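Asks: Coordinates in input.txt, compact mmCIF, C-alpha atoms, are listed below.
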```
# COMPACT_ATOMS: atom_id res chain seq x y z
CA MET J 229 -180.48 166.72 23.08
CA ARG J 230 -182.44 163.81 21.75
CA LEU J 231 -181.64 161.56 24.69
CA THR J 232 -183.23 163.97 27.10
CA ARG J 233 -186.30 164.15 24.96
CA ILE J 234 -186.64 160.38 25.02
CA PHE J 235 -185.77 159.70 28.61
CA GLY J 236 -185.33 162.97 30.46
CA ALA J 237 -188.52 162.75 32.44
CA ALA J 238 -187.74 159.28 33.71
CA ALA J 239 -185.11 160.41 36.16
CA LEU J 240 -187.33 163.15 37.50
CA SER J 241 -190.74 161.60 37.59
CA THR J 242 -191.75 159.29 40.36
CA ALA J 243 -194.41 156.65 40.43
CA LEU J 244 -197.84 158.11 41.00
CA ALA J 245 -198.38 155.91 44.00
CA LEU J 246 -196.00 153.63 45.87
CA PRO J 247 -197.31 150.19 45.04
CA ALA J 248 -195.58 147.01 46.13
CA LEU J 249 -196.44 145.15 42.95
CA ALA J 250 -195.48 145.96 39.41
CA ASP J 251 -198.89 145.09 38.00
CA GLN J 252 -200.42 147.81 40.15
CA ASP J 253 -198.20 150.41 38.52
CA PRO J 254 -199.54 151.60 35.18
CA ALA J 255 -196.08 152.65 34.00
CA VAL J 256 -194.67 149.16 34.58
CA ALA J 257 -197.65 147.51 32.93
CA ALA J 258 -197.32 149.84 29.96
CA ARG J 259 -193.60 149.24 29.49
CA GLN J 260 -194.05 145.49 29.76
CA GLY J 261 -196.80 145.77 27.16
CA GLN J 262 -194.42 147.72 24.97
CA PHE J 263 -191.84 144.91 25.09
CA LYS J 264 -194.58 142.39 24.24
CA LEU J 265 -195.35 144.43 21.14
CA PHE J 266 -191.65 144.51 20.26
CA ALA J 267 -191.49 140.71 20.47
CA HIS J 268 -194.77 140.25 18.61
CA ASN J 269 -193.41 142.11 15.61
CA PHE J 270 -189.81 140.97 15.94
CA GLY J 271 -191.12 137.41 15.91
CA VAL J 272 -192.32 137.77 12.31
CA LEU J 273 -188.86 138.86 11.18
CA GLY J 274 -186.97 136.47 13.44
CA GLY J 275 -189.21 133.60 12.37
CA MET J 276 -188.36 134.25 8.73
CA ALA J 277 -184.67 134.70 9.55
CA GLN J 278 -184.60 131.34 11.35
CA GLY J 279 -186.57 129.58 8.60
CA ARG J 280 -189.59 128.92 10.80
CA MET J 281 -191.72 130.57 8.12
CA GLU J 282 -191.20 131.54 4.53
CA TYR J 283 -189.83 134.98 3.75
CA ASP J 284 -192.55 137.39 2.67
CA ALA J 285 -191.32 140.86 1.77
CA ALA J 286 -194.60 142.65 2.51
CA MET J 287 -195.07 140.97 5.90
CA ALA J 288 -191.47 141.64 6.81
CA GLN J 289 -191.78 145.29 5.85
CA THR J 290 -194.96 145.76 7.88
CA ALA J 291 -193.39 144.20 10.96
CA ALA J 292 -190.26 146.32 10.58
CA ASP J 293 -192.36 149.48 10.11
CA ASN J 294 -194.24 148.63 13.29
CA LEU J 295 -190.99 148.11 15.17
CA PHE J 296 -189.70 151.41 13.88
CA HIS J 297 -192.68 153.28 15.27
CA LEU J 298 -192.83 151.25 18.49
CA THR J 299 -189.21 152.03 19.31
CA ARG J 300 -189.92 155.71 18.82
CA VAL J 301 -192.61 155.91 21.47
CA ASP J 302 -191.50 158.45 24.04
CA GLN J 303 -190.11 156.59 27.06
CA GLY J 304 -190.34 159.49 29.48
CA ARG J 305 -193.20 158.18 31.61
CA LEU J 306 -192.41 154.45 31.33
CA TRP J 307 -189.43 154.29 33.69
CA PRO J 308 -190.26 156.16 36.90
CA GLU J 309 -187.75 155.83 39.71
CA GLY J 310 -188.74 153.23 42.25
CA THR J 311 -189.93 150.73 39.63
CA ASP J 312 -186.77 148.59 39.72
CA SER J 313 -186.63 144.99 40.90
CA SER J 314 -185.10 145.96 44.25
CA SER J 315 -188.10 148.17 45.01
CA ILE J 316 -191.08 146.21 43.66
CA ASP J 317 -192.01 142.67 42.68
CA GLY J 318 -193.02 141.69 39.19
CA THR J 319 -190.36 143.54 37.22
CA ARG J 320 -187.01 142.38 35.86
CA ALA J 321 -185.71 145.93 35.47
CA ASN J 322 -182.48 146.04 37.47
CA ALA J 323 -181.80 149.12 39.59
CA ALA J 324 -178.55 149.57 37.63
CA ILE J 325 -180.72 151.20 34.92
CA TRP J 326 -181.27 154.22 37.15
CA ASP J 327 -177.67 154.21 38.39
CA ASP J 328 -176.45 154.79 34.85
CA LEU J 329 -179.37 156.18 32.93
CA ASP J 330 -177.08 157.64 30.27
CA ASP J 331 -175.82 154.19 29.32
CA PHE J 332 -179.33 152.76 29.38
CA VAL J 333 -180.49 155.54 27.07
CA ALA J 334 -177.48 154.93 24.80
CA LYS J 335 -178.48 151.28 24.52
CA PHE J 336 -182.07 152.25 23.68
CA VAL J 337 -180.80 154.66 21.03
CA ALA J 338 -178.69 151.81 19.62
CA LEU J 339 -181.88 149.75 19.40
CA GLN J 340 -183.59 152.58 17.52
CA GLY J 341 -180.67 152.76 15.10
CA SER J 342 -180.61 149.04 14.42
CA VAL J 343 -184.39 148.99 13.91
CA GLU J 344 -184.19 151.93 11.50
CA ASN J 345 -181.62 149.97 9.53
CA LEU J 346 -183.84 146.89 9.59
CA GLN J 347 -186.77 148.93 8.31
CA GLY J 348 -184.60 149.93 5.36
CA VAL J 349 -183.68 146.35 4.39
CA ALA J 350 -186.64 144.21 5.53
CA GLY J 351 -188.19 144.18 2.04
CA ASP J 352 -184.92 143.59 0.19
CA GLY J 353 -184.84 139.82 0.40
CA LEU J 354 -184.16 137.19 3.04
CA ASP J 355 -180.39 137.62 3.37
CA ASP J 356 -180.46 141.39 3.85
CA MET J 357 -183.35 141.10 6.27
CA ARG J 358 -181.56 138.38 8.25
CA THR J 359 -178.49 140.58 8.67
CA GLY J 360 -180.71 143.38 9.90
CA VAL J 361 -182.56 141.05 12.28
CA MET J 362 -179.34 139.78 13.84
CA ALA J 363 -178.14 143.36 14.40
CA VAL J 364 -181.39 144.22 16.18
CA GLY J 365 -181.01 141.06 18.29
CA GLY J 366 -177.55 142.28 19.25
CA THR J 367 -178.88 145.60 20.53
CA CYS J 368 -181.62 143.80 22.50
CA GLN J 369 -179.03 141.43 23.98
CA ALA J 370 -176.62 144.21 24.99
CA CYS J 371 -179.27 145.79 27.18
CA HIS J 372 -180.73 142.54 28.54
CA GLU J 373 -177.22 141.41 29.46
CA ALA J 374 -176.55 144.50 31.52
CA TYR J 375 -179.92 145.49 32.92
CA ARG J 376 -182.44 142.63 32.99
CA ASP J 377 -182.77 140.17 35.85
CA GLU J 378 -183.62 136.51 35.49
CA ALA J 379 -187.35 135.82 35.49
CA SER J 380 -188.74 134.63 38.82
CA MET E 259 -157.90 104.18 83.91
CA ARG E 260 -159.17 107.59 83.04
CA ARG E 261 -155.71 108.64 81.92
CA ARG E 262 -155.49 105.65 79.70
CA LEU E 263 -158.84 106.43 78.13
CA MET E 264 -157.67 109.98 77.46
CA ALA E 265 -154.53 108.66 75.81
CA ILE E 266 -156.53 106.31 73.61
CA LEU E 267 -158.87 109.12 72.65
CA ALA E 268 -155.94 111.38 71.87
CA VAL E 269 -154.35 108.77 69.65
CA ALA E 270 -157.67 108.05 67.94
CA GLY E 271 -158.13 111.77 67.45
CA LEU E 272 -154.70 112.07 65.86
CA ILE E 273 -155.50 109.18 63.55
CA VAL E 274 -158.74 110.83 62.47
CA VAL E 275 -157.07 114.20 61.94
CA GLY E 276 -154.16 112.56 60.14
CA GLY E 277 -156.55 110.54 58.05
CA LEU E 278 -158.61 113.59 57.12
CA TRP E 279 -155.41 115.47 56.37
CA SER E 280 -154.13 112.86 53.98
CA PHE E 281 -157.63 112.24 52.64
CA SER E 282 -157.99 115.93 51.81
CA ALA E 283 -154.62 116.15 50.06
CA PRO E 284 -154.73 117.70 46.58
CA ARG E 285 -154.40 115.08 43.85
CA GLY E 286 -153.51 115.68 40.24
CA LEU E 287 -153.87 113.47 37.18
CA ASP E 288 -151.84 110.34 36.53
CA ASN E 289 -148.69 111.12 34.62
CA SER E 290 -149.83 108.69 31.95
CA ALA E 291 -152.81 110.98 31.22
CA LEU E 292 -150.54 113.97 30.78
CA ALA E 293 -147.70 112.42 28.85
CA GLY E 294 -147.29 113.02 25.14
CA LEU E 295 -150.01 115.65 24.77
CA GLU E 296 -149.27 118.37 22.25
CA GLY E 297 -151.72 121.23 22.14
CA GLN E 298 -152.89 122.91 18.95
CA ALA E 299 -153.97 126.50 19.42
CA GLU E 300 -156.38 126.51 16.43
CA ARG E 301 -158.31 123.60 17.91
CA GLY E 302 -158.12 125.19 21.33
CA ARG E 303 -160.22 128.14 20.24
CA ASP E 304 -163.29 125.94 19.89
CA VAL E 305 -162.59 124.41 23.30
CA PHE E 306 -162.26 127.92 24.75
CA LEU E 307 -165.66 128.89 23.34
CA ALA E 308 -167.39 125.64 24.31
CA ALA E 309 -165.94 125.71 27.84
CA GLY E 310 -166.99 129.33 28.32
CA CYS E 311 -163.73 130.41 30.00
CA GLY E 312 -164.23 134.03 29.02
CA SER E 313 -167.76 134.22 30.40
CA CYS E 314 -166.31 134.30 33.92
CA HIS E 315 -162.73 135.44 33.41
CA MET E 316 -163.16 138.49 31.18
CA ALA E 317 -163.03 141.89 32.84
CA PRO E 318 -166.10 143.09 34.77
CA GLY E 319 -168.33 145.73 33.35
CA ARG E 320 -170.01 146.32 30.05
CA ASP E 321 -168.39 145.78 26.71
CA ALA E 322 -165.34 143.96 28.15
CA ASP E 323 -163.07 142.37 25.54
CA PRO E 324 -164.03 138.65 25.50
CA LEU E 325 -160.43 137.65 24.76
CA VAL E 326 -158.74 139.51 27.63
CA MET E 327 -158.78 137.13 30.60
CA SER E 328 -157.98 139.74 33.23
CA GLY E 329 -160.49 138.36 35.75
CA GLY E 330 -162.17 140.50 38.39
CA ARG E 331 -165.81 139.49 38.06
CA ASP E 332 -167.66 138.83 41.35
CA PHE E 333 -169.69 135.66 41.90
CA ALA E 334 -171.83 135.87 45.00
CA SER E 335 -172.81 132.59 46.63
CA ASP E 336 -174.06 131.18 49.92
CA PHE E 337 -170.42 130.73 50.97
CA GLY E 338 -169.15 134.20 50.17
CA THR E 339 -168.08 136.02 47.05
CA PHE E 340 -165.71 134.36 44.61
CA ILE E 341 -163.68 136.63 42.36
CA ALA E 342 -162.49 135.27 39.04
CA PRO E 343 -158.69 135.45 38.84
CA ASN E 344 -156.49 136.69 36.00
CA ILE E 345 -155.87 133.76 33.63
CA SER E 346 -154.31 135.78 30.82
CA PRO E 347 -150.83 134.64 29.72
CA ASP E 348 -149.22 137.44 31.73
CA PRO E 349 -146.30 135.70 33.52
CA GLU E 350 -146.64 137.70 36.74
CA HIS E 351 -150.37 138.22 37.26
CA GLY E 352 -151.77 135.56 34.97
CA ILE E 353 -150.86 132.00 34.09
CA GLY E 354 -148.00 132.71 31.69
CA GLY E 355 -145.58 130.87 33.96
CA TRP E 356 -147.61 127.67 33.98
CA THR E 357 -146.63 124.52 32.14
CA GLN E 358 -149.16 122.53 30.17
CA ASP E 359 -149.25 119.97 33.02
CA HIS E 360 -149.95 122.72 35.56
CA PHE E 361 -152.80 123.93 33.39
CA ILE E 362 -154.42 120.54 32.82
CA THR E 363 -154.12 119.69 36.52
CA ALA E 364 -155.76 122.98 37.47
CA VAL E 365 -158.58 122.68 34.96
CA MET E 366 -159.34 118.97 35.36
CA ARG E 367 -158.60 118.45 39.07
CA GLY E 368 -158.88 121.89 40.68
CA VAL E 369 -155.31 121.81 41.99
CA SER E 370 -153.00 124.82 41.60
CA PRO E 371 -149.34 124.63 40.55
CA GLU E 372 -148.53 125.26 44.23
CA GLY E 373 -150.52 122.16 45.15
CA GLN E 374 -153.49 123.99 46.67
CA HIS E 375 -157.18 123.20 46.12
CA TYR E 376 -159.24 125.58 44.08
CA TYR E 377 -162.81 126.24 45.16
CA PRO E 378 -165.37 124.48 42.97
CA ALA E 379 -166.67 127.85 41.77
CA PHE E 380 -164.08 126.96 39.14
CA PRO E 381 -166.02 124.18 37.37
CA TYR E 382 -163.32 121.52 37.34
CA THR E 383 -166.20 119.35 38.58
CA ALA E 384 -167.31 119.42 34.93
CA TYR E 385 -163.92 119.70 33.22
CA ILE E 386 -162.78 116.49 34.97
CA ARG E 387 -164.84 114.72 32.27
CA ALA E 388 -163.01 116.46 29.42
CA GLU E 389 -160.46 114.85 27.11
CA PRO E 390 -156.95 115.88 28.29
CA GLN E 391 -156.08 116.49 24.63
CA ASP E 392 -158.81 119.16 24.44
CA ILE E 393 -157.42 120.87 27.53
CA ALA E 394 -153.91 120.75 26.07
CA ASP E 395 -155.32 122.47 22.96
CA LEU E 396 -157.03 124.98 25.21
CA TYR E 397 -153.71 125.71 26.94
CA ALA E 398 -152.01 126.31 23.59
CA TYR E 399 -154.80 128.69 22.54
CA MET E 400 -154.95 130.62 25.80
CA MET E 401 -151.21 131.27 25.67
CA THR E 402 -151.87 133.21 22.43
CA LEU E 403 -154.39 135.58 24.08
CA PRO E 404 -153.48 139.15 25.08
CA HIS E 405 -151.43 139.65 28.25
CA ASP E 406 -153.05 141.62 31.05
CA ALA E 407 -151.32 142.78 34.23
CA THR E 408 -154.39 143.24 36.45
CA PRO E 409 -153.62 141.59 39.82
CA SER E 410 -156.06 138.87 40.92
CA ARG E 411 -158.10 139.82 43.97
CA PRO E 412 -158.60 137.36 46.87
CA HIS E 413 -161.98 135.68 47.30
CA ASP E 414 -164.19 136.97 50.07
CA ILE E 415 -165.06 133.70 51.79
CA GLY E 416 -165.99 133.35 55.46
CA PHE E 417 -164.86 130.73 57.99
CA PRO E 418 -164.99 127.71 57.85
CA PHE E 419 -165.12 127.73 54.04
CA SER E 420 -161.94 129.79 54.03
CA ILE E 421 -160.01 126.60 54.96
CA ARG E 422 -158.80 125.51 51.54
CA ARG E 423 -157.83 122.06 52.71
CA ALA E 424 -161.49 121.34 53.49
CA VAL E 425 -162.14 121.51 49.76
CA GLY E 426 -160.30 118.18 49.60
CA LEU E 427 -163.02 116.56 51.72
CA TRP E 428 -165.65 118.18 49.52
CA LYS E 429 -163.92 116.75 46.46
CA ALA E 430 -163.87 113.28 48.05
CA LEU E 431 -167.63 113.54 48.42
CA TYR E 432 -168.63 115.24 45.18
CA LEU E 433 -165.91 115.27 42.52
CA ARG E 434 -167.02 112.58 40.07
CA GLU E 435 -165.47 111.65 36.78
CA ASP E 436 -168.39 109.59 35.44
CA TRP E 437 -171.18 111.04 33.31
CA VAL E 438 -174.42 112.11 34.95
CA VAL E 439 -176.43 110.75 32.05
CA SER E 440 -175.05 107.25 31.60
CA SER E 441 -177.65 105.62 29.35
CA ASP E 442 -176.84 104.46 25.82
CA LEU E 443 -176.58 107.54 23.66
CA THR E 444 -176.34 108.11 19.93
CA GLU E 445 -173.11 109.64 18.68
CA GLU E 446 -174.79 113.04 18.46
CA GLU E 447 -176.29 112.79 21.97
CA ALA E 448 -172.90 111.72 23.34
CA ARG E 449 -171.27 114.73 21.71
CA GLY E 450 -173.97 116.91 23.25
CA ARG E 451 -173.30 115.32 26.62
CA TYR E 452 -169.60 116.09 26.26
CA LEU E 453 -170.38 119.71 25.39
CA SER E 454 -172.95 120.07 28.19
CA GLU E 455 -171.52 117.99 31.06
CA ALA E 456 -167.76 118.29 30.45
CA LEU E 457 -166.99 121.57 28.68
CA GLY E 458 -170.09 123.76 28.79
CA HIS E 459 -170.92 123.09 32.47
CA CYS E 460 -174.60 124.02 31.97
CA ALA E 461 -175.43 122.38 35.30
CA GLU E 462 -173.42 124.90 37.30
CA CYS E 463 -176.31 127.33 36.94
CA HIS E 464 -179.22 125.17 35.76
CA THR E 465 -179.06 122.48 38.50
CA PRO E 466 -180.00 123.18 42.14
CA ARG E 467 -177.37 122.64 44.87
CA ASN E 468 -177.41 121.03 48.30
CA LEU E 469 -176.34 122.68 51.55
CA LEU E 470 -172.67 122.06 50.80
CA GLY E 471 -172.97 123.63 47.37
CA ALA E 472 -172.84 120.35 45.44
CA LEU E 473 -175.10 119.80 42.44
CA ASP E 474 -178.28 117.79 43.13
CA VAL E 475 -177.99 115.36 40.23
CA SER E 476 -181.49 114.00 40.94
CA ARG E 477 -182.77 117.34 39.61
CA TRP E 478 -180.25 117.60 36.78
CA LEU E 479 -180.74 120.77 34.71
CA GLU E 480 -184.27 121.28 36.06
CA GLY E 481 -183.70 124.93 36.97
CA ALA E 482 -182.36 126.52 40.16
CA PRO E 483 -182.36 129.68 42.23
CA ASN E 484 -180.03 132.30 40.78
CA PRO E 485 -177.01 132.23 43.14
CA SER E 486 -175.81 135.69 42.15
CA GLY E 487 -178.91 137.74 41.76
CA ARG E 488 -182.66 137.86 41.52
CA GLY E 489 -184.98 135.37 39.91
CA ARG E 490 -184.41 131.78 38.87
CA ILE E 491 -182.25 130.08 36.28
CA PRO E 492 -184.81 128.35 34.04
CA PRO E 493 -185.14 124.58 33.56
CA ILE E 494 -183.59 123.05 30.45
CA ALA E 495 -184.71 119.52 31.31
CA GLY E 496 -187.77 117.91 32.87
CA ASP E 497 -191.47 118.46 32.28
CA ALA E 498 -191.22 122.24 32.57
CA PHE E 499 -188.96 122.50 29.53
CA THR E 500 -190.94 122.14 26.32
CA TRP E 501 -188.65 123.50 23.59
CA THR E 502 -188.02 121.49 20.43
CA ALA E 503 -184.56 120.58 19.15
CA PHE E 504 -184.88 123.41 16.65
CA ASP E 505 -185.87 125.88 19.39
CA ILE E 506 -182.76 124.96 21.40
CA SER E 507 -180.21 125.11 18.61
CA ALA E 508 -181.78 128.28 17.18
CA TYR E 509 -181.61 129.91 20.63
CA LEU E 510 -177.97 128.95 21.08
CA GLU E 511 -177.21 130.46 17.67
CA THR E 512 -179.30 133.65 17.70
CA GLY E 513 -180.28 134.23 21.32
CA PHE E 514 -183.96 134.29 20.29
CA THR E 515 -186.42 132.25 22.34
CA PRO E 516 -189.37 130.63 20.52
CA GLU E 517 -191.39 133.68 21.65
CA PHE E 518 -188.69 135.95 20.21
CA ASP E 519 -187.59 137.30 23.50
CA VAL E 520 -183.83 137.91 23.34
CA VAL E 521 -181.23 136.36 25.63
CA GLY E 522 -179.81 138.39 28.52
CA GLY E 523 -178.00 138.06 31.83
CA THR E 524 -175.15 135.60 32.13
CA MET E 525 -176.60 133.42 29.34
CA ALA E 526 -175.85 136.15 26.79
CA ALA E 527 -172.12 135.35 26.98
CA VAL E 528 -172.88 131.64 26.56
CA VAL E 529 -174.81 132.33 23.34
CA SER E 530 -172.09 134.70 22.12
CA ASN E 531 -169.62 131.81 22.48
CA LEU E 532 -171.75 128.97 21.12
CA GLN E 533 -172.89 130.91 18.06
CA GLN E 534 -169.27 130.86 16.88
CA LEU E 535 -169.15 127.05 16.83
CA ASP E 536 -170.27 124.74 14.06
CA ALA E 537 -174.06 124.28 13.85
CA SER E 538 -173.61 120.56 14.53
CA GLU E 539 -172.32 121.38 18.02
CA ARG E 540 -175.48 123.32 18.91
CA GLU E 541 -177.61 120.54 17.43
CA ALA E 542 -175.72 118.01 19.56
CA ILE E 543 -176.49 119.98 22.73
CA ALA E 544 -180.15 120.03 21.69
CA ALA E 545 -180.14 116.27 21.10
CA TYR E 546 -178.63 115.69 24.55
CA LEU E 547 -181.15 117.94 26.30
CA LEU E 548 -184.08 116.28 24.54
CA ARG E 549 -182.72 112.89 25.56
CA LEU E 550 -183.15 113.97 29.19
CA ARG E 551 -186.90 113.94 28.65
CA ASP E 552 -187.08 110.15 28.33
```
Kindly transcribe the structure held in the file into structure tokens.
Replies:
Amino acid sequence: MRLTRIFGAAALSTALALPALADQDPAVAARQGQFKLFAHNFGVLGGMAQGRMEYDAAMAQTAADNLFHLTRVDQGRLWPEGTDSSSIDGTRANAAIWDDLDDFVAKFVALQGSVENLQGVAGDGLDDMRTGVMAVGGTCQACHEAYRDEAS
Amino acid sequence: MRRRLMAILAVAGLIVVGGLWSFSAPRGLDNSALAGLEGQAERGRDVFLAAGCGSCHMAPGRDADPLVMSGGRDFASDFGTFIAPNISPDPEHGIGGWTQDHFITAVMRGVSPEGQHYYPAFPYTAYIRAEPQDIADLYAYMMTLPHDATPSRPHDIGFPFSIRRAVGLWKALYLREDWVVSSDLTEEEARGRYLSEALGHCAECHTPRNLLGALDVSRWLEGAPNPSGRGRIPPIAGDAFTWTAFDISAYLETGFTPEFDVVGGTMAAVVSNLQQLDASEREAIAAYLLRLRD
């Protein structure tokens, strides 16, 4: 099914080398870059939702379109086993991700769903966009709550 | 001569032991503080959210119901693992059999209805600063929550910390009713102090501890090692904390940092609670935290 297409390789693939530091692992660097791109685009929408900047339908739509495509990047090679925080430094990815990959995938799919909804409403005015933004925040939070360590 | 010395030492020893024993005795509140309080459940809901009861006492695992106080979450520490007990209104496994006085004494003094000390993993060290009326309201509200019959599990604490009576000596050293921030505050800052120091117990995670597990008030809210996992709990006071009042209240409402990272870990439950309160409460917390920069 779709989940396996998104994440199936993660459980099977292993890191190319066995580095001690996350920044030496291209998969970890890539996935951290991916989350930076999430935040960079989410910030436009969140900033408007919080009133930090004025609502602009075109800007909001562009950011939501970007998020839509970013959250559809195949995750298969971004989460090799052995790249959890118990195994290497420099990552906040808790080993529980790999203990229950199905739930982790379900939470990522929930993110995709909430972002798809946001893409549909981002240009429809501030109130609709804000509702969509808060729903996306909820799907981010659900995963961070369960699977992300505190920063060091 | 030697015999006499031994006898004197023995008597002195008994006095010390007896003194420590009485010194470590569990003490509740004055009856005058408890008398005449009538709790209102509707008001108690806000206290419940601000005090974060559910953050520790809801069931372990993902997607637990935040209103079912079944307990069971583990809290690792340097002294062993504390396990949150069932505080649902179930009369057998929860606190359904408690009176309002039992409840206020437990929450504000860390003394059980059986007269035993609770470990300060239960933040009565903060709640001691609360208004007894608020805790009476909290009692009324918590008695309306769903019953749950999950038995409480014992803590996993090693010797000598397993001696409950020793907690009395710890309390004599560290249980303080006065505010940590005692300077003149505006009404809003004082409300924020009440929410942060008395109900919200921010310091329990955000302030480093000494060898006996007491908060180091000289580094109040300046960040600390994470006692129950990897990484550090970030500073929310001091030079390292640069958020504006808007950043703080917006974070407590939405969970979004100024960089639009989204809250996680144990703080996620705190945001889920505080976002249900009036905006003025979050703004008061922000005003208090900014005051710590002076």
Asks: To one decimal in Å, tell me the separation between atom CA of Leu532 of chain E and atom CA of Ala334 of chain E.
Replies: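 Straight-line distance from atom CA of Leu532 of chain E to atom CA of Ala334 of chain E works out to 24.9 Å.
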Asks: Starting from chain E, keep only residues with some atom at most 7 Å from an atom of chain J, counting all atoms listed in the file, and report them as a list in words.
Replies: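 So the contacting residues turn out to be Arg320, Arg488, Gly489, Arg490, Ile491, Glu517, Phe518, Asp519, Val520, Val521, Gly522, Gly523, Thr524 and Ala526 of chain E.
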Asks: Output C-alpha atoms for every residue in that selection, as a PDB file, in the coordinates of the input.
Replies:
```
ATOM      1  CA  ARG E 320    -170.010 146.320  30.050  1.00  0.00           C
ATOM      2  CA  ARG E 488    -182.660 137.860  41.520  1.00  0.00           C
ATOM      3  CA  GLY E 489    -184.980 135.370  39.910  1.00  0.00           C
ATOM      4  CA  ARG E 490    -184.410 131.780  38.870  1.00  0.00           C
ATOM      5  CA  ILE E 491    -182.250 130.080  36.280  1.00  0.00           C
ATOM      6  CA  GLU E 517    -191.390 133.680  21.650  1.00  0.00           C
ATOM      7  CA  PHE E 518    -188.690 135.950  20.210  1.00  0.00           C
ATOM      8  CA  ASP E 519    -187.590 137.300  23.500  1.00  0.00           C
ATOM      9  CA  VAL E 520    -183.830 137.910  23.340  1.00  0.00           C
ATOM     10  CA  VAL E 521    -181.230 136.360  25.630  1.00  0.00           C
ATOM     11  CA  GLY E 522    -179.810 138.390  28.520  1.00  0.00           C
ATOM     12  CA  GLY E 523    -178.000 138.060  31.830  1.00  0.00           C
ATOM     13  CA  THR E 524    -175.150 135.600  32.130  1.00  0.00           C
ATOM     14  CA  ALA E 526    -175.850 136.150  26.790  1.00  0.00           C
TER      15      ALA E 526
END
```
Asks: Could you tell me how far atom CA of Ala498 of chain E lies from atom CA of Ala542 of chain E, in Å and to one decimal?
Replies: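 Straight-line distance from atom CA of Ala498 of chain E to atom CA of Ala542 of chain E works out to 20.7 Å.
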Asks: Here is a test: counting only C-alpha atoms, which residue of E:Leu263, E:Gly450, E:Asp414, E:Arg434 is nearest to Thr383 of chain E?
Replies: E:Arg434
Asks: May I have the residues within 8 Å of segment 453-468 of chain E as an MDAnalysis selection string, using only C-alpha atoms and disregarding those fewer than 4 positions away in the same chain?
Replies: chainID E and resid 305 308:310 381 384:388 437:438 449 472:475 477:485 491:494 539 543
Asks: Go through J:Gln303, J:Gln289, J:Thr311, J:Thr319 one by one, measure the shortest atom-to-atom distance of each to Asn345 of chain J using all atoms listed in the file, and give the residue with the smallest value.
Replies: J:Gln289
Asks: What is the atom CA of Ala286 of chain J-atom CA of Ala363 of chain J distance in Å, reported with one decimal?
Replies: 20.3 Å
Asks: Which of these residues is nearest to Ala257 of chain J, using only C-alpha atoms: J:Ala292, J:Arg300, J:Glu282, J:Gly318?
Replies: J:Gly318
Asks: Taking 2 positions as the minimum chain separation for residues in the same chain, which residues sit within 9 Å of segment 337-351 of chain E when counting only C-alpha atoms? Answer as a PyMOL selection string.
Replies: chain E and resi 314-317+325-335+353-356+377+379-380+400-417+419+470-471
Asks: Which residues are near Glu541 of chain E? Cut-off 9 Å, only C-alpha atoms, ignore same chain within fewer than 3 positions. Put them as a PyMOL selection string.
Replies: chain E and resi 446+450+503-504+506-508+537-538+544-546
Asks: Would you mind listing what lies within 9 Å of Leu265 of chain J as number ranges by chain, with all atoms listed in the file counted and same-chain residues fewer than 5 positions away left out?
Replies: J: 260, 270, 294-295, 298
Asks: Would you output that residue set with C-alpha atoms, as a compact mmCIF listing (two decimals), in the coordinates of the input?
Replies:
```txt
# COMPACT_ATOMS: atom_id res chain seq x y z
CA GLN J 260 -194.05 145.49 29.76
CA PHE J 270 -189.81 140.97 15.94
CA ASN J 294 -194.24 148.63 13.29
CA LEU J 295 -190.99 148.11 15.17
CA LEU J 298 -192.83 151.25 18.49
```
Asks: Within 9 Å of (-193.1, 151.8, 35.8) in the file's own coordinates, which protein, DNA or RNA residues have an atom, counting only C-alpha atoms? List them as a ChimeraX atom specification.
Replies: /J:242-243,250,253-260,305-312,319
Asks: Need the shell around Asp304 of chain E: protein/DNA/RNA residues with any atom at most 10 Å away, counting only C-alpha atoms. Skip same-chain ones fewer than 3 positions apart. Format as a ChimeraX atom specification?
Replies: /E:299-301,307-310,392,395-396,399,531-532,534-536
Asks: Determine the nearest neighbour of Leu469 of chain E from the options E:Arg367, E:Trp428, E:Arg422, E:Ala283, counting all atoms listed in the file.
Replies: E:Trp428
